[in-house]
file structure.cif (mmCIF, C-alpha atoms and all ligand atoms; chains and numbers go by the auth columns)
data_work
loop_
_atom_site.group_PDB
_atom_site.id
_atom_site.type_symbol
_atom_site.label_atom_id
_atom_site.label_comp_id
_atom_site.label_asym_id
_atom_site.label_seq_id
_atom_site.Cartn_x
_atom_site.Cartn_y
_atom_site.Cartn_z
_atom_site.B_iso_or_equiv
_atom_site.auth_seq_id
_atom_site.auth_asym_id
ATOM 1 C CA MET A 1 239.680 28.018 -41.336 0.00 145 M
ATOM 2 C CA THR A 2 242.342 28.290 -44.038 0.00 146 M
ATOM 3 C CA SER A 3 243.011 24.551 -43.685 0.00 147 M
ATOM 4 C CA ILE A 4 239.307 23.833 -44.060 0.00 148 M
ATOM 5 C CA ALA A 5 239.121 26.167 -47.085 0.00 149 M
ATOM 6 C CA HIS A 6 242.010 24.206 -48.626 0.00 150 M
ATOM 7 C CA LEU A 7 240.281 20.925 -47.799 0.00 151 M
ATOM 8 C CA TYR A 8 237.197 22.095 -49.725 0.00 152 M
ATOM 9 C CA LEU A 9 239.343 23.332 -52.599 0.00 153 M
ATOM 10 C CA SER A 10 241.250 20.057 -52.850 0.00 154 M
ATOM 11 C CA HIS A 11 237.903 18.348 -53.347 0.00 155 M
ATOM 12 C CA LEU A 12 236.800 20.889 -55.980 0.00 156 M
ATOM 13 C CA ILE A 13 239.882 21.682 -58.078 0.00 157 M
ATOM 14 C CA ASP A 14 240.750 19.796 -61.219 0.00 158 M
ATOM 15 C CA LYS A 15 244.350 19.846 -62.477 0.00 159 M
ATOM 16 C CA ASP A 16 243.164 21.546 -65.698 0.00 160 M
ATOM 17 C CA ASP A 17 241.379 24.393 -63.875 0.00 161 M
ATOM 18 C CA ILE A 18 242.129 28.076 -64.228 0.00 162 M
ATOM 19 C CA VAL A 19 241.598 29.718 -60.830 0.00 163 M
ATOM 20 C CA ILE A 20 241.730 33.144 -59.196 0.00 164 M
ATOM 21 C CA ASP A 21 243.224 34.073 -55.833 0.00 165 M
ATOM 22 C CA ALA A 22 241.375 37.373 -55.304 0.00 166 M
ATOM 23 C CA THR A 23 243.423 38.342 -52.209 0.00 167 M
ATOM 24 C CA MET A 24 246.988 37.066 -52.546 0.00 168 M
ATOM 25 C CA GLY A 25 248.412 38.348 -49.219 0.00 169 M
ATOM 26 C CA ASN A 26 251.442 36.283 -48.229 0.00 170 M
ATOM 27 C CA GLY A 27 250.694 33.681 -50.884 0.00 171 M
ATOM 28 C CA TYR A 28 249.644 30.640 -48.847 0.00 172 M
ATOM 29 C CA ASP A 29 246.440 30.260 -50.862 0.00 173 M
ATOM 30 C CA THR A 30 248.226 31.098 -54.125 0.00 174 M
ATOM 31 C CA LEU A 31 250.783 28.340 -53.489 0.00 175 M
ATOM 32 C CA PHE A 32 248.043 25.855 -52.637 0.00 176 M
ATOM 33 C CA LEU A 33 246.125 26.697 -55.820 0.00 177 M
ATOM 34 C CA ALA A 34 249.271 26.575 -57.958 0.00 178 M
ATOM 35 C CA LYS A 35 250.019 23.036 -56.785 0.00 179 M
ATOM 36 C CA HIS A 36 246.532 21.822 -57.687 0.00 180 M
ATOM 37 C CA ALA A 37 245.443 23.831 -60.752 0.00 181 M
ATOM 38 C CA LYS A 38 246.760 24.486 -64.250 0.00 182 M
ATOM 39 C CA LYS A 39 246.959 28.274 -63.928 0.00 183 M
ATOM 40 C CA VAL A 40 246.474 30.828 -61.117 0.00 184 M
ATOM 41 C CA TYR A 41 245.772 34.560 -61.402 0.00 185 M
ATOM 42 C CA ALA A 42 246.532 36.151 -58.016 0.00 186 M
ATOM 43 C CA PHE A 43 245.568 39.748 -57.139 0.00 187 M
ATOM 44 C CA ASP A 44 246.620 42.161 -54.421 0.00 188 M
ATOM 45 C CA ILE A 45 246.778 45.945 -54.120 0.00 189 M
ATOM 46 C CA GLN A 46 250.005 45.876 -52.057 0.00 190 M
ATOM 47 C CA LYS A 47 253.492 45.478 -53.529 0.00 191 M
ATOM 48 C CA GLN A 48 254.528 43.841 -50.230 0.00 192 M
ATOM 49 C CA ALA A 49 252.072 40.995 -50.928 0.00 193 M
ATOM 50 C CA LEU A 50 253.520 40.383 -54.380 0.00 194 M
ATOM 51 C CA GLU A 51 257.073 40.340 -53.008 0.00 195 M
ATOM 52 C CA SER A 52 256.171 37.930 -50.219 0.00 196 M
ATOM 53 C CA THR A 53 254.213 35.633 -52.557 0.00 197 M
ATOM 54 C CA SER A 54 256.874 35.719 -55.255 0.00 198 M
ATOM 55 C CA LEU A 55 259.462 34.556 -52.716 0.00 199 M
ATOM 56 C CA ARG A 56 257.179 31.764 -51.509 0.00 200 M
ATOM 57 C CA LEU A 57 256.477 30.540 -55.040 0.00 201 M
ATOM 58 C CA SER A 58 260.117 30.579 -56.098 0.00 202 M
ATOM 59 C CA LYS A 59 261.055 28.445 -53.067 0.00 203 M
ATOM 60 C CA HIS A 60 258.635 25.832 -54.437 0.00 204 M
ATOM 61 C CA GLN A 61 259.690 26.306 -58.087 0.00 205 M
ATOM 62 C CA ILE A 62 256.160 27.297 -59.096 0.00 206 M
ATOM 63 C CA ASP A 63 255.764 28.866 -62.538 0.00 207 M
ATOM 64 C CA ASN A 64 252.026 28.678 -63.327 0.00 208 M
ATOM 65 C CA VAL A 65 250.997 31.889 -61.501 0.00 209 M
ATOM 66 C CA ASP A 66 250.466 35.473 -62.694 0.00 210 M
ATOM 67 C CA LEU A 67 250.959 37.861 -59.753 0.00 211 M
ATOM 68 C CA ILE A 68 248.915 40.978 -60.461 0.00 212 M
ATOM 69 C CA LEU A 69 249.321 44.274 -58.606 0.00 213 M
ATOM 70 C CA ASP A 70 245.745 45.455 -59.021 0.00 214 M
ATOM 71 C CA SER A 71 242.403 45.304 -57.270 0.00 215 M
ATOM 72 C CA HIS A 72 240.399 42.141 -57.822 0.00 216 M
ATOM 73 C CA GLU A 73 237.660 44.487 -59.099 0.00 217 M
ATOM 74 C CA ASN A 74 239.630 44.611 -62.378 0.00 218 M
ATOM 75 C CA PHE A 75 239.934 40.839 -62.760 0.00 219 M
ATOM 76 C CA SER A 76 238.264 40.791 -66.191 0.00 220 M
ATOM 77 C CA THR A 77 241.188 42.785 -67.651 0.00 221 M
ATOM 78 C CA TYR A 78 243.439 39.793 -66.944 0.00 222 M
ATOM 79 C CA VAL A 79 241.337 36.633 -67.018 0.00 223 M
ATOM 80 C CA ASP A 80 238.387 35.592 -69.094 0.00 224 M
ATOM 81 C CA THR A 81 237.389 32.006 -68.291 0.00 225 M
ATOM 82 C CA PHE A 82 237.893 30.423 -64.864 0.00 226 M
ATOM 83 C CA GLN A 83 236.568 27.538 -62.808 0.00 227 M
ATOM 84 C CA GLY A 84 237.373 28.581 -59.235 0.00 228 M
ATOM 85 C CA VAL A 85 238.010 31.551 -56.933 0.00 229 M
ATOM 86 C CA ILE A 86 239.190 32.093 -53.368 0.00 230 M
ATOM 87 C CA PHE A 87 238.785 35.264 -51.315 0.00 231 M
ATOM 88 C CA ASN A 88 240.611 35.379 -47.978 0.00 232 M
ATOM 89 C CA LEU A 89 239.376 38.742 -46.724 0.00 233 M
ATOM 90 C CA GLY A 90 240.796 41.280 -44.296 0.00 234 M
ATOM 91 C CA TYR A 91 244.284 42.733 -43.972 0.00 235 M
ATOM 92 C CA LEU A 92 247.756 41.417 -44.751 0.00 236 M
ATOM 93 C CA PRO A 93 249.042 39.443 -41.730 0.00 237 M
ATOM 94 C CA HIS A 94 252.170 41.226 -40.368 0.00 238 M
ATOM 95 C CA GLY A 95 251.314 44.160 -42.675 0.00 239 M
ATOM 96 C CA ASP A 96 249.411 47.465 -42.529 0.00 240 M
ATOM 97 C CA LYS A 97 246.093 46.671 -40.807 0.00 241 M
ATOM 98 C CA SER A 98 244.502 49.832 -42.236 0.00 242 M
ATOM 99 C CA ILE A 99 244.709 48.341 -45.754 0.00 243 M
ATOM 100 C CA THR A 100 241.883 45.848 -45.725 0.00 244 M
ATOM 101 C CA THR A 101 239.272 44.500 -48.094 0.00 245 M
ATOM 102 C CA LYS A 102 236.152 46.685 -48.240 0.00 246 M
ATOM 103 C CA ALA A 103 232.537 45.520 -48.407 0.00 247 M
ATOM 104 C CA GLN A 104 231.572 47.534 -51.462 0.00 248 M
ATOM 105 C CA SER A 105 234.433 46.431 -53.737 0.00 249 M
ATOM 106 C CA THR A 106 234.413 42.859 -52.381 0.00 250 M
ATOM 107 C CA ILE A 107 230.695 42.422 -53.104 0.00 251 M
ATOM 108 C CA LYS A 108 230.952 44.074 -56.527 0.00 252 M
ATOM 109 C CA THR A 109 233.755 41.633 -57.432 0.00 253 M
ATOM 110 C CA ILE A 110 231.992 38.570 -55.998 0.00 254 M
ATOM 111 C CA ALA A 111 228.849 39.436 -57.998 0.00 255 M
ATOM 112 C CA GLN A 112 230.768 39.890 -61.265 0.00 256 M
ATOM 113 C CA MET A 113 232.878 36.775 -60.732 0.00 257 M
ATOM 114 C CA LEU A 114 229.821 34.641 -60.010 0.00 258 M
ATOM 115 C CA LEU A 115 228.345 35.682 -63.358 0.00 259 M
ATOM 116 C CA LYS A 116 231.591 34.868 -65.204 0.00 260 M
ATOM 117 C CA LEU A 117 232.435 31.698 -63.275 0.00 261 M
ATOM 118 C CA ASP A 118 232.197 28.547 -65.418 0.00 262 M
ATOM 119 C CA GLN A 119 229.147 26.361 -65.077 0.00 263 M
ATOM 120 C CA HIS A 120 229.841 24.061 -62.059 0.00 264 M
ATOM 121 C CA GLY A 121 232.480 26.533 -60.870 0.00 265 M
ATOM 122 C CA TYR A 122 233.208 27.200 -57.191 0.00 266 M
ATOM 123 C CA MET A 123 233.997 30.168 -54.960 0.00 267 M
ATOM 124 C CA ILE A 124 235.393 30.019 -51.432 0.00 268 M
ATOM 125 C CA ILE A 125 235.248 33.140 -49.234 0.00 269 M
ATOM 126 C CA VAL A 126 237.004 33.227 -45.845 0.00 270 M
ATOM 127 C CA ILE A 127 235.418 36.052 -43.816 0.00 271 M
ATOM 128 C CA TYR A 128 236.845 37.708 -40.673 0.00 272 M
ATOM 129 C CA PRO A 129 234.128 39.551 -38.699 0.00 273 M
ATOM 130 C CA GLY A 130 236.422 40.046 -35.657 0.00 274 M
ATOM 131 C CA HIS A 131 237.717 43.499 -36.690 0.00 275 M
ATOM 132 C CA PRO A 132 235.569 46.614 -37.305 0.00 276 M
ATOM 133 C CA GLU A 133 235.833 46.749 -41.131 0.00 277 M
ATOM 134 C CA GLY A 134 235.465 42.959 -41.231 0.00 278 M
ATOM 135 C CA ALA A 135 232.238 43.068 -39.207 0.00 279 M
ATOM 136 C CA SER A 136 230.502 45.380 -41.668 0.00 280 M
ATOM 137 C CA GLU A 137 231.988 43.489 -44.626 0.00 281 M
ATOM 138 C CA SER A 138 230.630 40.248 -43.140 0.00 282 M
ATOM 139 C CA ASN A 139 227.134 41.740 -42.654 0.00 283 M
ATOM 140 C CA GLU A 140 226.978 43.205 -46.134 0.00 284 M
ATOM 141 C CA ILE A 141 228.229 40.016 -47.786 0.00 285 M
ATOM 142 C CA ASN A 142 225.516 38.066 -45.982 0.00 286 M
ATOM 143 C CA HIS A 143 222.849 40.526 -47.177 0.00 287 M
ATOM 144 C CA PHE A 144 224.175 40.096 -50.709 0.00 288 M
ATOM 145 C CA LEU A 145 224.196 36.275 -50.454 0.00 289 M
ATOM 146 C CA GLU A 146 220.537 36.370 -49.418 0.00 290 M
ATOM 147 C CA THR A 147 219.727 37.952 -52.793 0.00 291 M
ATOM 148 C CA LEU A 148 221.309 35.136 -54.846 0.00 292 M
ATOM 149 C CA ASP A 149 219.029 32.771 -56.733 0.00 293 M
ATOM 150 C CA THR A 150 219.303 29.458 -54.871 0.00 294 M
ATOM 151 C CA LYS A 151 218.337 27.603 -58.047 0.00 295 M
ATOM 152 C CA LYS A 152 221.567 28.859 -59.619 0.00 296 M
ATOM 153 C CA TYR A 153 223.868 28.832 -56.593 0.00 297 M
ATOM 154 C CA LYS A 154 224.300 26.460 -53.669 0.00 298 M
ATOM 155 C CA ILE A 155 225.743 28.223 -50.635 0.00 299 M
ATOM 156 C CA ILE A 156 227.323 26.411 -47.711 0.00 300 M
ATOM 157 C CA LYS A 157 228.448 28.196 -44.565 0.00 301 M
ATOM 158 C CA THR A 158 231.043 26.650 -42.233 0.00 302 M
ATOM 159 C CA ASP A 159 231.480 28.375 -38.899 0.00 303 M
ATOM 160 C CA LEU A 160 232.828 27.859 -35.398 0.00 304 M
ATOM 161 C CA SER A 161 229.375 28.226 -33.838 0.00 305 M
ATOM 162 C CA TYR A 162 230.473 27.544 -30.278 0.00 306 M
ATOM 163 C CA GLN A 163 233.547 29.792 -30.192 0.00 307 M
ATOM 164 C CA ASP A 164 233.582 33.344 -28.728 0.00 308 M
ATOM 165 C CA ASN A 165 234.951 36.572 -30.197 0.00 309 M
ATOM 166 C CA LEU A 166 233.524 36.510 -33.730 0.00 310 M
ATOM 167 C CA PRO A 167 235.793 33.858 -35.283 0.00 311 M
ATOM 168 C CA PRO A 168 236.347 33.628 -39.049 0.00 312 M
ATOM 169 C CA TYR A 169 233.991 31.554 -41.159 0.00 313 M
ATOM 170 C CA ILE A 170 233.817 30.151 -44.677 0.00 314 M
ATOM 171 C CA ILE A 171 231.270 30.621 -47.426 0.00 315 M
ATOM 172 C CA TRP A 172 231.405 28.063 -50.226 0.00 316 M
ATOM 173 C CA ILE A 173 229.339 28.908 -53.303 0.00 317 M
ATOM 174 C CA SER A 174 228.848 26.347 -56.058 0.00 318 M
ATOM 175 C CA LYS A 175 227.320 27.235 -59.382 0.00 319 M
ATOM 176 C CA THR A 176 224.784 24.557 -60.249 0.00 320 M
HETATM 177 C C1 LIG B . 243.971 38.169 -45.252 0.00 401 M
HETATM 178 S S1 LIG B . 245.014 38.756 -46.540 0.00 401 M
HETATM 179 C C2 LIG B . 245.032 37.379 -47.659 0.00 401 M
HETATM 180 C C3 LIG B . 245.787 36.184 -47.174 0.00 401 M
HETATM 181 C C4 LIG B . 246.339 35.348 -48.317 0.00 401 M
HETATM 182 N N1 LIG B . 245.333 34.764 -49.145 0.00 401 M
HETATM 183 C C5 LIG B . 247.396 34.326 -47.892 0.00 401 M
HETATM 184 O O1 LIG B . 247.264 33.139 -48.222 0.00 401 M
HETATM 185 O O2 LIG B . 248.359 34.740 -47.240 0.00 401 M
HETATM 186 C C6 LIG B . 244.005 39.917 -47.423 0.00 401 M
HETATM 187 C C7 LIG B . 244.727 40.619 -48.573 0.00 401 M
HETATM 188 O O3 LIG B . 243.750 41.274 -49.383 0.00 401 M
HETATM 189 C C8 LIG B . 244.382 42.367 -49.986 0.00 401 M
HETATM 190 N N2 LIG B . 243.388 43.269 -50.574 0.00 401 M
HETATM 191 C C9 LIG B . 242.664 44.247 -49.971 0.00 401 M
HETATM 192 N N3 LIG B . 241.851 44.836 -50.871 0.00 401 M
HETATM 193 C C10 LIG B . 242.082 44.228 -52.069 0.00 401 M
HETATM 194 C C11 LIG B . 241.561 44.399 -53.385 0.00 401 M
HETATM 195 N N4 LIG B . 240.620 45.313 -53.631 0.00 401 M
HETATM 196 N N5 LIG B . 242.028 43.594 -54.367 0.00 401 M
HETATM 197 C C12 LIG B . 242.966 42.644 -54.104 0.00 401 M
HETATM 198 N N6 LIG B . 243.504 42.438 -52.892 0.00 401 M
HETATM 199 C C13 LIG B . 243.065 43.221 -51.880 0.00 401 M
HETATM 200 C C14 LIG B . 245.189 42.956 -48.840 0.00 401 M
HETATM 201 O O4 LIG B . 246.210 43.795 -49.339 0.00 401 M
HETATM 202 C C15 LIG B . 245.710 41.700 -48.142 0.00 401 M
HETATM 203 O O5 LIG B . 247.005 41.371 -48.584 0.00 401 M
#

call {"tool": "encode", "arguments": {"input": "structure.cif", "output": "structure tokens"}}
result
Amino acid sequence: MTSIAHLYLSHLIDKDDIVIDATMGNGYDTLFLAKHAKKVYAFDIQKQALESTSLRLSKHQIDNVDLILDSHENFSTYVDTFQGVIFNLGYLPHGDKSITTKAQSTIKTIAQMLLKLDQHGYMIIVIYPGHPEGASESNEINHFLETLDTKKYKIIKTDLSYQDNLPPYIIWISKT
């Protein structure tokens, strides 16, 4: 799913874009964005994520990223105008599984970012319903998406319909 998310992003990102990685984790998405965009603002609430991402970026001599130890809920303190966002929800792989994204703060941030996103901007959300917190986050995000005005936003869902065990899926929202 991450590869597919990157495939979508590679189609969407312009080299002059300012983009947000709302859930930095181990920095795979941050690195991808940094290679394709002008500037990346990456957020995580765990110091471990910043350390891991910083190491990854330095190996690739990347210097167009601000790594921010703060919740994505506070994004507007750090970035004003932006063209794209990725959320890769859940917990830090190889980290503390009890520290995971939460429906309420995720949806609050998605809603605020959609309002601030540039005209023709894009948001990719990778959702993991296969763990308990992820299942309720997935349900609540879908309820929220149903409330969006489809004249303003086009929403595409990519899922592994024929696979068992609640696999991850992607939501791609384009501002029209
Ligand atoms: C699945 S990981 C992200 C994977 C990452 N994008 C990568 O490429 O490795 C989810 C991350 O979200 C972070 N997170 C949880 N709540 C957050 C919040 N409110 N703001 C920012 N990051 C948060 C977790 O600490 C965790 O590192």

call {"tool": "axis_aligned_box", "arguments": {"input": "structure.cif", "around": "stretch 270-286 of chain M", "padding_each_side": "5 Å", "output": "lines of an AutoDock Vina configuration file"}}
result
center_x = 231.6
center_y = 40.0
center_z = -41.7
size_x = 22.2
size_y = 23.5
size_z = 22.1

call {"tool": "resolve_selection", "arguments": {"input": "structure.cif", "expression": "the PyMOL selection byres (((chain M and resi 319) around 8) and not hetatm)", "output": "list in words"}}
result
Leu258, Leu261, Asp262, Gln263, His264, Gly265, Tyr266, Lys296, Tyr297, Lys298, Ile317, Ser318 and Thr320 of chain M

call {"tool": "closest_atom_pairs", "arguments": {"input": "structure.cif", "of": "chain M", "to": "ligand LIG 401 (chain M)", "cutoff": "8 Å", "atoms": "only C-alpha atoms and all ligand atoms", "output": "tab-separated table"}}
result
residue	atom	partner	partner_atom	distance
M:Asp165	CA	M:LIG401	N1	7.0
M:Ala166	CA	M:LIG401	C12	5.6
M:Thr167	CA	M:LIG401	O3	4.1
M:Met168	CA	M:LIG401	N1	4.4
M:Gly169	CA	M:LIG401	O5	3.4
M:Asn170	CA	M:LIG401	O2	3.6
M:Gly171	CA	M:LIG401	O1	4.4
M:Tyr172	CA	M:LIG401	O1	3.5
M:Asp173	CA	M:LIG401	O1	4.0
M:Thr174	CA	M:LIG401	O1	6.3
M:Leu175	CA	M:LIG401	O1	7.9
M:Phe187	CA	M:LIG401	C12	4.9
M:Asp188	CA	M:LIG401	N6	3.5
M:Ile189	CA	M:LIG401	N6	5.0
M:Gln190	CA	M:LIG401	O4	5.1
M:Ala193	CA	M:LIG401	O5	5.6
M:Thr197	CA	M:LIG401	O2	8.0
M:Leu213	CA	M:LIG401	C12	8.0
M:Asp214	CA	M:LIG401	N5	6.2
M:Ser215	CA	M:LIG401	N5	3.4
M:His216	CA	M:LIG401	N5	4.1
M:Glu217	CA	M:LIG401	N4	6.3
M:Ile230	CA	M:LIG401	N1	7.9
M:Phe231	CA	M:LIG401	N1	6.9
M:Asn232	CA	M:LIG401	C2	4.9
M:Leu233	CA	M:LIG401	C6	4.8
M:Gly234	CA	M:LIG401	C1	4.5
M:Tyr235	CA	M:LIG401	C6	4.5
M:Leu236	CA	M:LIG401	O5	3.9
M:Pro237	CA	M:LIG401	C1	6.3
M:Gly239	CA	M:LIG401	O5	7.8
M:Ile243	CA	M:LIG401	O4	6.0
M:Thr244	CA	M:LIG401	C9	4.6
M:Thr245	CA	M:LIG401	N3	3.8
M:Lys246	CA	M:LIG401	N3	6.5
M:Ser249	CA	M:LIG401	N4	6.3
M:Thr250	CA	M:LIG401	N4	6.8

call {"tool": "resolve_selection", "arguments": {"input": "structure.cif", "expression": "the PyMOL selection byres (((chain M and resi 150-164) around 7) and not hetatm)", "output": "PyMOL selection string"}}
result
chain M and resi 146-149+165-166+180-186+226-230

call {"tool": "closest_residue", "arguments": {"input": "structure.cif", "among": "M:Leu199, M:Gln192, M:Gln205, M:Glu281", "to": "M:His238", "atoms": "all atoms listed in the file"}}
result
M:Gln192

call {"tool": "closest_residue", "arguments": {"input": "structure.cif", "among": "M:Val209, M:Val270, M:Leu259, M:Ile299", "to": "M:Thr225", "atoms": "all atoms listed in the file"}}
result
M:Leu259

call {"tool": "atom_distance", "arguments": {"input": "structure.cif", "atom1": "atom CA of M:Tyr313", "atom2": "atom CA of M:Asn286"}}
result
11.7 Å

call {"tool": "build_atoms", "arguments": {"input": "structure.cif", "residues": "stretch 147-173 of chain M", "atoms": "N, CA and C atoms", "output": "PDB file, keeping the file's coordinate frame"}}
result
ATOM      1  N   SER M 147     242.839  25.987 -43.397  1.00  0.00           N
ATOM      2  CA  SER M 147     243.011  24.551 -43.685  1.00  0.00           C
ATOM      3  C   SER M 147     241.712  23.948 -44.199  1.00  0.00           C
ATOM      4  N   ILE M 148     240.600  24.376 -43.603  1.00  0.00           N
ATOM      5  CA  ILE M 148     239.307  23.833 -44.060  1.00  0.00           C
ATOM      6  C   ILE M 148     239.003  24.333 -45.477  1.00  0.00           C
ATOM      7  N   ALA M 149     239.315  25.618 -45.732  1.00  0.00           N
ATOM      8  CA  ALA M 149     239.121  26.167 -47.085  1.00  0.00           C
ATOM      9  C   ALA M 149     239.942  25.349 -48.094  1.00  0.00           C
ATOM     10  N   HIS M 150     241.165  24.985 -47.714  1.00  0.00           N
ATOM     11  CA  HIS M 150     242.010  24.206 -48.626  1.00  0.00           C
ATOM     12  C   HIS M 150     241.464  22.781 -48.795  1.00  0.00           C
ATOM     13  N   LEU M 151     240.899  22.256 -47.713  1.00  0.00           N
ATOM     14  CA  LEU M 151     240.281  20.925 -47.799  1.00  0.00           C
ATOM     15  C   LEU M 151     239.138  20.949 -48.827  1.00  0.00           C
ATOM     16  N   TYR M 152     238.292  21.974 -48.751  1.00  0.00           N
ATOM     17  CA  TYR M 152     237.197  22.095 -49.725  1.00  0.00           C
ATOM     18  C   TYR M 152     237.756  22.227 -51.138  1.00  0.00           C
ATOM     19  N   LEU M 153     238.777  23.100 -51.264  1.00  0.00           N
ATOM     20  CA  LEU M 153     239.343  23.332 -52.599  1.00  0.00           C
ATOM     21  C   LEU M 153     239.947  22.064 -53.175  1.00  0.00           C
ATOM     22  N   SER M 154     240.602  21.273 -52.327  1.00  0.00           N
ATOM     23  CA  SER M 154     241.250  20.057 -52.850  1.00  0.00           C
ATOM     24  C   SER M 154     240.202  19.096 -53.396  1.00  0.00           C
ATOM     25  N   HIS M 155     239.003  19.178 -52.860  1.00  0.00           N
ATOM     26  CA  HIS M 155     237.903  18.348 -53.347  1.00  0.00           C
ATOM     27  C   HIS M 155     237.352  18.909 -54.672  1.00  0.00           C
ATOM     28  N   LEU M 156     237.451  20.229 -54.842  1.00  0.00           N
ATOM     29  CA  LEU M 156     236.800  20.889 -55.980  1.00  0.00           C
ATOM     30  C   LEU M 156     237.699  21.050 -57.204  1.00  0.00           C
ATOM     31  N   ILE M 157     238.981  21.310 -56.969  1.00  0.00           N
ATOM     32  CA  ILE M 157     239.882  21.682 -58.078  1.00  0.00           C
ATOM     33  C   ILE M 157     240.250  20.490 -58.948  1.00  0.00           C
ATOM     34  N   ASP M 158     240.236  20.761 -60.252  1.00  0.00           N
ATOM     35  CA  ASP M 158     240.750  19.796 -61.219  1.00  0.00           C
ATOM     36  C   ASP M 158     242.109  20.315 -61.714  1.00  0.00           C
ATOM     37  N   LYS M 159     242.991  19.408 -62.091  1.00  0.00           N
ATOM     38  CA  LYS M 159     244.350  19.846 -62.477  1.00  0.00           C
ATOM     39  C   LYS M 159     244.349  20.705 -63.745  1.00  0.00           C
ATOM     40  N   ASP M 160     243.248  20.704 -64.492  1.00  0.00           N
ATOM     41  CA  ASP M 160     243.164  21.546 -65.698  1.00  0.00           C
ATOM     42  C   ASP M 160     242.480  22.890 -65.435  1.00  0.00           C
ATOM     43  N   ASP M 161     242.131  23.162 -64.182  1.00  0.00           N
ATOM     44  CA  ASP M 161     241.379  24.393 -63.875  1.00  0.00           C
ATOM     45  C   ASP M 161     242.234  25.655 -63.949  1.00  0.00           C
ATOM     46  N   ILE M 162     241.563  26.729 -64.342  1.00  0.00           N
ATOM     47  CA  ILE M 162     242.129  28.076 -64.228  1.00  0.00           C
ATOM     48  C   ILE M 162     241.428  28.714 -63.041  1.00  0.00           C
ATOM     49  N   VAL M 163     242.199  29.230 -62.081  1.00  0.00           N
ATOM     50  CA  VAL M 163     241.598  29.718 -60.830  1.00  0.00           C
ATOM     51  C   VAL M 163     242.135  31.104 -60.458  1.00  0.00           C
ATOM     52  N   ILE M 164     241.363  31.787 -59.632  1.00  0.00           N
ATOM     53  CA  ILE M 164     241.730  33.144 -59.196  1.00  0.00           C
ATOM     54  C   ILE M 164     241.930  33.153 -57.691  1.00  0.00           C
ATOM     55  N   ASP M 165     243.061  33.718 -57.240  1.00  0.00           N
ATOM     56  CA  ASP M 165     243.224  34.073 -55.833  1.00  0.00           C
ATOM     57  C   ASP M 165     242.969  35.580 -55.767  1.00  0.00           C
ATOM     58  N   ALA M 166     241.795  35.959 -55.263  1.00  0.00           N
ATOM     59  CA  ALA M 166     241.375  37.373 -55.304  1.00  0.00           C
ATOM     60  C   ALA M 166     242.102  38.232 -54.273  1.00  0.00           C
ATOM     61  N   THR M 167     242.720  37.606 -53.277  1.00  0.00           N
ATOM     62  CA  THR M 167     243.423  38.342 -52.209  1.00  0.00           C
ATOM     63  C   THR M 167     244.705  37.568 -51.862  1.00  0.00           C
ATOM     64  N   MET M 168     245.740  37.844 -52.604  1.00  0.00           N
ATOM     65  CA  MET M 168     246.988  37.066 -52.546  1.00  0.00           C
ATOM     66  C   MET M 168     247.665  37.075 -51.171  1.00  0.00           C
ATOM     67  N   GLY M 169     247.764  38.243 -50.529  1.00  0.00           N
ATOM     68  CA  GLY M 169     248.412  38.348 -49.219  1.00  0.00           C
ATOM     69  C   GLY M 169     249.816  37.771 -49.234  1.00  0.00           C
ATOM     70  N   ASN M 170     250.102  36.877 -48.298  1.00  0.00           N
ATOM     71  CA  ASN M 170     251.442  36.283 -48.229  1.00  0.00           C
ATOM     72  C   ASN M 170     251.587  35.014 -49.082  1.00  0.00           C
ATOM     73  N   GLY M 171     250.549  34.704 -49.859  1.00  0.00           N
ATOM     74  CA  GLY M 171     250.694  33.681 -50.884  1.00  0.00           C
ATOM     75  C   GLY M 171     250.440  32.245 -50.463  1.00  0.00           C
ATOM     76  N   TYR M 172     249.915  32.027 -49.267  1.00  0.00           N
ATOM     77  CA  TYR M 172     249.644  30.640 -48.847  1.00  0.00           C
ATOM     78  C   TYR M 172     248.563  30.013 -49.736  1.00  0.00           C
ATOM     79  N   ASP M 173     247.508  30.790 -50.004  1.00  0.00           N
ATOM     80  CA  ASP M 173     246.440  30.260 -50.862  1.00  0.00           C
ATOM     81  C   ASP M 173     246.927  30.142 -52.307  1.00  0.00           C
TER      82      ASP M 173
END
